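Structure file structure-v4.cif; described as mmCIF, C-alpha atoms.
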```cif
data_model
#
loop_
_atom_site.label_atom_id
_atom_site.label_comp_id
_atom_site.auth_asym_id
_atom_site.auth_seq_id
_atom_site.Cartn_x
_atom_site.Cartn_y
_atom_site.Cartn_z
CA MET T 791 7.64 -3.68 -0.12
CA SER T 792 9.19 -3.99 3.31
CA ILE T 793 12.44 -3.04 5.04
CA ASP T 794 13.73 -6.60 4.60
CA SER T 795 16.64 -7.25 2.23
CA VAL T 796 16.08 -9.05 -1.09
CA PHE T 797 17.90 -12.03 0.44
CA VAL T 798 15.31 -12.36 3.19
CA HIS T 799 12.58 -11.90 0.55
CA LYS T 800 14.10 -14.82 -1.34
CA MET T 801 14.08 -17.08 1.71
CA TRP T 802 10.48 -16.15 2.56
CA VAL T 803 9.19 -16.62 -0.98
CA ASP T 804 11.13 -19.82 -1.70
CA ASP T 805 10.66 -21.50 1.67
CA GLU T 806 7.19 -20.41 2.83
CA LEU T 807 5.11 -18.38 0.37
CA SER T 808 5.71 -20.84 -2.46
CA LYS T 809 3.86 -23.39 -0.31
CA MET T 810 0.82 -21.03 -0.22
CA VAL T 811 0.94 -19.74 -3.81
CA LYS T 812 1.73 -22.22 -6.56
CA GLY T 813 4.80 -21.09 -8.47
CA GLY T 814 5.70 -18.46 -5.84
CA VAL T 815 4.71 -14.82 -5.59
CA PRO T 816 3.74 -13.50 -9.07
CA PHE T 817 4.92 -9.92 -8.44
CA PRO T 818 8.25 -8.34 -7.41
CA MET T 819 9.00 -8.33 -3.67
CA LEU T 820 10.55 -4.89 -3.14
CA SER T 821 13.16 -4.04 -0.54
CA ASP T 822 13.15 -0.66 1.22
CA ALA T 823 16.06 -0.89 3.66
CA GLY T 824 15.99 2.22 5.85
CA GLY T 825 12.36 2.90 4.98
CA LYS T 826 13.13 5.79 2.63
CA VAL T 827 10.35 4.97 0.16
CA GLY T 828 7.97 4.22 3.03
CA GLN T 829 8.71 7.66 4.47
CA VAL T 830 7.76 9.37 1.22
CA PHE T 831 4.51 7.39 1.12
CA GLY T 832 3.83 8.17 4.80
CA VAL T 833 3.78 4.55 5.98
CA TYR T 834 7.16 4.23 7.72
CA ASP T 835 6.87 3.85 11.49
CA GLU T 836 10.08 5.39 12.80
CA ASP T 837 9.58 4.10 16.36
CA ALA T 838 9.17 0.47 15.31
CA GLY T 839 11.54 0.77 12.35
CA VAL T 840 9.07 -0.97 10.03
CA GLU T 841 6.46 -0.11 7.44
CA THR T 842 2.76 -0.30 8.22
CA ARG T 843 0.22 -2.02 5.94
CA GLY T 844 -0.11 0.69 3.30
CA ARG T 845 -1.81 -0.13 -0.01
CA PHE T 846 -1.79 2.35 -2.87
CA ILE T 847 -3.75 2.06 -6.14
CA ILE T 848 -1.87 3.91 -8.89
CA ASP T 849 -3.44 4.45 -12.31
CA PRO T 850 -1.75 4.22 -15.76
CA GLU T 851 -0.81 7.93 -15.53
CA GLY T 852 0.96 7.38 -12.21
CA ILE T 853 -1.81 9.11 -10.26
CA VAL T 854 -2.70 7.79 -6.79
CA GLN T 855 -6.41 6.92 -6.97
CA GLY T 856 -6.75 5.46 -3.50
CA PHE T 857 -4.89 4.24 -0.47
CA GLU T 858 -5.48 2.40 2.79
CA VAL T 859 -3.13 2.06 5.75
CA LEU T 860 -3.60 -0.48 8.56
CA THR T 861 -1.60 -1.23 11.69
CA PRO T 862 0.34 -4.53 11.60
CA PRO T 863 -2.02 -7.09 13.22
CA VAL T 864 -4.93 -6.73 10.76
CA GLY T 865 -4.65 -8.06 7.22
CA ARG T 866 -6.11 -6.46 4.13
CA ASN T 867 -9.09 -7.49 2.00
CA VAL T 868 -7.78 -8.32 -1.46
CA GLN T 869 -11.30 -8.60 -2.90
CA GLU T 870 -12.01 -5.01 -1.84
CA SER T 871 -8.81 -3.79 -3.48
CA LEU T 872 -9.78 -5.57 -6.72
CA ARG T 873 -13.30 -4.11 -6.50
CA GLN T 874 -11.87 -0.61 -6.16
CA ILE T 875 -9.58 -1.10 -9.16
CA GLN T 876 -12.56 -2.34 -11.24
CA ALA T 877 -14.54 0.72 -10.14
CA PHE T 878 -11.70 3.13 -11.03
CA GLN T 879 -11.32 1.38 -14.39
CA HIS T 880 -15.06 1.70 -15.07
CA VAL T 881 -15.01 5.42 -14.28
CA ARG T 882 -11.97 5.82 -16.51
CA ASN T 883 -13.57 3.86 -19.39
CA THR T 884 -16.62 6.15 -19.28
CA LYS T 885 -14.29 9.18 -19.18
CA GLY T 886 -15.88 10.19 -15.89
CA ALA T 887 -19.48 10.23 -17.22
CA GLU T 888 -20.38 7.48 -14.74
CA ALA T 889 -19.68 7.19 -11.03
CA THR T 890 -19.87 4.05 -8.89
CA PRO T 891 -22.03 4.30 -5.76
CA SER T 892 -21.29 2.64 -2.41
CA GLY T 893 -21.08 -1.16 -2.66
CA TRP T 894 -20.79 -1.09 -6.45
CA GLN T 895 -19.67 -4.27 -8.16
CA PRO T 896 -19.13 -4.83 -11.89
CA GLY T 897 -22.53 -5.16 -13.59
CA LYS T 898 -24.38 -3.18 -10.93
CA VAL T 899 -26.05 0.17 -11.42
CA THR T 900 -23.83 3.23 -11.81
CA LEU T 901 -24.74 6.88 -11.40
CA LYS T 902 -24.61 9.45 -14.19
CA PRO T 903 -23.98 12.74 -12.39
CA GLY T 904 -25.74 15.73 -13.94
CA PRO T 905 -28.53 18.24 -13.37
CA ASP T 906 -31.24 15.56 -13.77
CA LEU T 907 -29.79 13.42 -10.98
CA VAL T 908 -29.74 16.13 -8.33
CA GLY T 909 -32.09 15.04 -5.52
CA LYS T 910 -33.07 11.91 -7.49
CA VAL T 911 -30.41 9.43 -6.41
CA TRP T 912 -33.01 7.77 -4.12
CA GLU T 913 -34.98 6.79 -7.23
CA VAL T 914 -32.15 4.91 -8.92
CA TRP T 915 -30.10 3.68 -5.95
CA LYS T 916 -31.35 1.97 -2.78
CA THR T 917 -29.47 1.73 0.52
CA GLU T 918 -29.61 -2.11 0.43
CA MET T 919 -27.41 -1.97 -2.68
CA ALA T 920 -24.50 -0.90 -0.47
CA PHE T 921 -24.68 -4.29 1.27
CA ASP T 922 -25.29 -6.64 -1.71
CA MET A 286 19.32 -13.24 31.58
CA ALA A 287 17.61 -13.30 28.22
CA GLU A 288 13.85 -13.41 28.56
CA GLU A 289 11.51 -14.97 26.03
CA MET A 290 9.80 -12.26 23.98
CA GLU A 291 6.13 -12.05 23.20
CA LEU A 292 5.64 -12.09 19.43
CA GLY A 293 3.43 -9.62 17.65
CA CYS A 294 3.00 -8.84 13.99
CA ALA A 295 5.59 -6.08 13.88
CA ARG A 296 9.22 -7.08 13.50
CA PRO A 297 10.73 -7.14 16.99
CA THR A 298 13.30 -4.39 17.49
CA GLY A 299 15.48 -3.07 20.27
CA GLY A 300 17.15 0.26 21.04
CA PRO A 301 19.40 2.08 23.47
CA VAL A 302 18.42 1.84 27.13
CA GLY A 303 19.03 4.11 30.10
CA GLU A 304 19.15 7.90 30.18
CA PRO A 305 17.71 9.39 27.02
CA VAL A 306 20.33 11.13 24.93
CA GLU A 307 19.42 14.74 24.32
CA GLN A 308 18.80 15.45 20.71
CA ASN A 309 19.26 18.87 19.23
CA GLU A 310 17.59 18.46 15.93
CA PRO A 311 18.32 21.39 13.65
CA GLU A 312 15.20 23.32 12.58
CA LYS A 313 15.98 22.62 8.95
CA GLN A 314 15.75 18.85 9.37
CA LYS A 315 12.43 19.14 11.20
CA GLN A 316 10.96 21.10 8.34
CA ALA A 317 12.20 18.59 5.77
CA LYS A 318 10.48 15.81 7.72
CA GLU A 319 7.15 17.59 7.68
CA VAL A 320 7.19 18.04 3.93
CA SER A 321 8.27 14.49 3.18
CA SER A 322 4.97 12.59 3.36
CA MET A 323 2.47 14.29 1.10
CA ILE A 324 0.57 11.52 -0.64
CA LYS A 325 -2.79 12.72 -1.88
CA VAL A 326 -5.41 10.99 -3.98
CA GLY A 327 -5.65 12.51 -7.43
CA LYS A 328 -1.98 13.51 -7.29
CA LYS A 329 1.07 11.87 -8.82
CA ALA A 330 2.73 9.06 -6.87
CA PRO A 331 6.39 9.86 -6.09
CA ASP A 332 8.68 7.80 -8.30
CA PHE A 333 11.22 5.44 -6.73
CA ALA A 334 13.61 2.63 -7.62
CA ALA A 335 14.09 -0.37 -5.34
CA PRO A 336 15.88 -3.72 -5.40
CA ALA A 337 13.51 -6.67 -5.60
CA TYR A 338 13.25 -10.44 -5.67
CA TYR A 339 11.15 -11.61 -8.63
CA GLN A 340 10.77 -15.12 -10.00
CA GLY A 341 14.12 -16.42 -8.82
CA LYS A 342 16.12 -13.30 -9.74
CA PHE A 343 17.31 -10.13 -8.04
CA VAL A 344 16.13 -7.16 -10.10
CA SER A 345 15.72 -3.40 -9.85
CA VAL A 346 12.17 -2.05 -10.08
CA LYS A 347 11.25 1.54 -10.90
CA LEU A 348 7.68 2.72 -10.37
CA SER A 349 7.72 4.88 -13.51
CA GLU A 350 8.43 1.77 -15.62
CA TYR A 351 4.84 0.76 -14.89
CA LEU A 352 3.28 3.86 -16.46
CA GLY A 353 0.45 2.64 -18.71
CA LYS A 354 -0.50 -0.08 -16.23
CA TRP A 355 -2.51 -0.20 -13.04
CA VAL A 356 -0.24 -0.67 -10.02
CA VAL A 357 -1.02 -1.91 -6.52
CA LEU A 358 1.85 -0.94 -4.22
CA CYS A 359 1.74 -2.73 -0.86
CA PHE A 360 3.87 -2.09 2.20
CA TYR A 361 4.01 -4.55 5.10
CA PRO A 362 5.88 -4.74 8.43
CA GLY A 363 8.23 -7.57 7.52
CA ASP A 364 8.84 -11.00 6.04
CA PHE A 365 7.74 -13.89 8.29
CA THR A 366 5.50 -11.62 10.38
CA PHE A 367 2.47 -13.92 10.27
CA VAL A 368 -0.35 -11.79 8.79
#
```
Reformat the file's structure so that it appears as structure tokens.
Amino acid sequence: MSIDSVFVHKMWVDDELSKMVKGGVPFPMLSDAGGKVGQVFGVYDEDAGVETRGRFIIDPEGIVQGFEVLTPPVGRNVQESLRQIQAFQHVRNTKGAEATPSGWQPGKVTLKPGPDLVGKVWEVWKTEMAFD
Amino acid sequence: MAEEMELGCARPTGGPVGEPVEQNEPEKQKQAKEVSSMIKVGKKAPDFAAPAYYQGKFVSVKLSEYLGKWVVLCFYPGDFTFV
């Protein structure tokens, strides 16, 4: 979503992005002329008249599970967004019985919060695991 | 004379120049502004509808139509802005 019109989106997708992504962009390119939606999400920069790099992860109930906002010159890390979604999905699938520690990836050790784990995280999770 | 602009990653914009125009913003408006951005994790995302370009067509997209699915909503400064 940006403040550009759908016509500009069309030109960008058809003329440039389709050369980067085979078949063009696989998701809707949303137009927010005037930045009204961006304002509600807190990412509209009124001085510059544009939206900053906000990324919101919204779950099947419509609940915001996470967000990240960057200034324009630095791009996002798509892998990290996918990792976070996988982590939120894992927590959801376990109905909250499991939590994913720092650096968690699918298949790696999770934590099962409860009385037995208090003060014992060091036994099941090592700092290096945050950097794997 | 028109000078060549340095390009950044935000869409270049202009604005009025010269003496700043005094703005008497009513108190009410100020308050409304403060309440407007209240996104919190664990809370419902505000619903919206927006025009969109999708697979060769112009469509209307509503966030609440995606209930039941995981959604990644991305904002960016503008088309053709490099990053």
(message) Based on all atoms listed in the file, which of the residues in chain T come within 7 Å of chain A? I want them as a count of residues only.
(response) 40
(message) Using Å and a single decimal, report how far atom CA of T:Val899 sits from atom CA of T:Glu913.
(response)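 Value for the atom CA of T:Glu913-atom CA of T:Val899 distance: 11.9 Å.
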(request) Compile the contact shell of T:Glu918 as a ChimeraX atom specification: residues with an atom at most 12 Å away, counting all atoms listed in the file, same-chain residues fewer than 3 positions apart removed. (result) /T:891-894,912,914-915,921-922
(message) Could you list, as a PyMOL selection string, every residue matched by the PyMOL selection byres ((chain T and resi 871) around 10) in this structure?
(response) (chain T and resi 845-847+856-858+866-870+872-877) or (chain A and resi 357)
Could those selected residues go to a file with C-alpha atoms, as a PDB file, in the coordinates of the input?
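Result saved to selection-v5.pdb:
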```pdb
ATOM      1  CA  ARG T 845      -1.810  -0.130  -0.010  1.00  0.00           C
ATOM      2  CA  PHE T 846      -1.790   2.350  -2.870  1.00  0.00           C
ATOM      3  CA  ILE T 847      -3.750   2.060  -6.140  1.00  0.00           C
ATOM      4  CA  GLY T 856      -6.750   5.460  -3.500  1.00  0.00           C
ATOM      5  CA  PHE T 857      -4.890   4.240  -0.470  1.00  0.00           C
ATOM      6  CA  GLU T 858      -5.480   2.400   2.790  1.00  0.00           C
ATOM      7  CA  ARG T 866      -6.110  -6.460   4.130  1.00  0.00           C
ATOM      8  CA  ASN T 867      -9.090  -7.490   2.000  1.00  0.00           C
ATOM      9  CA  VAL T 868      -7.780  -8.320  -1.460  1.00  0.00           C
ATOM     10  CA  GLN T 869     -11.300  -8.600  -2.900  1.00  0.00           C
ATOM     11  CA  GLU T 870     -12.010  -5.010  -1.840  1.00  0.00           C
ATOM     12  CA  LEU T 872      -9.780  -5.570  -6.720  1.00  0.00           C
ATOM     13  CA  ARG T 873     -13.300  -4.110  -6.500  1.00  0.00           C
ATOM     14  CA  GLN T 874     -11.870  -0.610  -6.160  1.00  0.00           C
ATOM     15  CA  ILE T 875      -9.580  -1.100  -9.160  1.00  0.00           C
ATOM     16  CA  GLN T 876     -12.560  -2.340 -11.240  1.00  0.00           C
ATOM     17  CA  ALA T 877     -14.540   0.720 -10.140  1.00  0.00           C
TER      18      ALA T 877
ATOM     19  CA  VAL A 357      -1.020  -1.910  -6.520  1.00  0.00           C
TER      20      VAL A 357
END
```
(request) Could you please determine the separation between atom CA of T:Thr884 and atom CA of T:Gly909 in Å, to one decimal place? (result)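 About the pair atom CA of T:Thr884 and atom CA of T:Gly909: they are 22.5 Å apart.
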(message) If I take atom CA of T:Val811 and atom CA of T:Phe797, how far is one from the other in Å, to one decimal?
(response)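 About the pair atom CA of T:Val811 and atom CA of T:Phe797: they are 19.1 Å apart.
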(request) Name the residues that the PyMOL selection byres ((chain T and resi 903-907) around 9) pulls out of this structure, and write them as a list in words. (result) Ala887, Glu888, Ala889, Leu901, Lys902, Val908, Gly909, Lys910 and Val911 of chain T
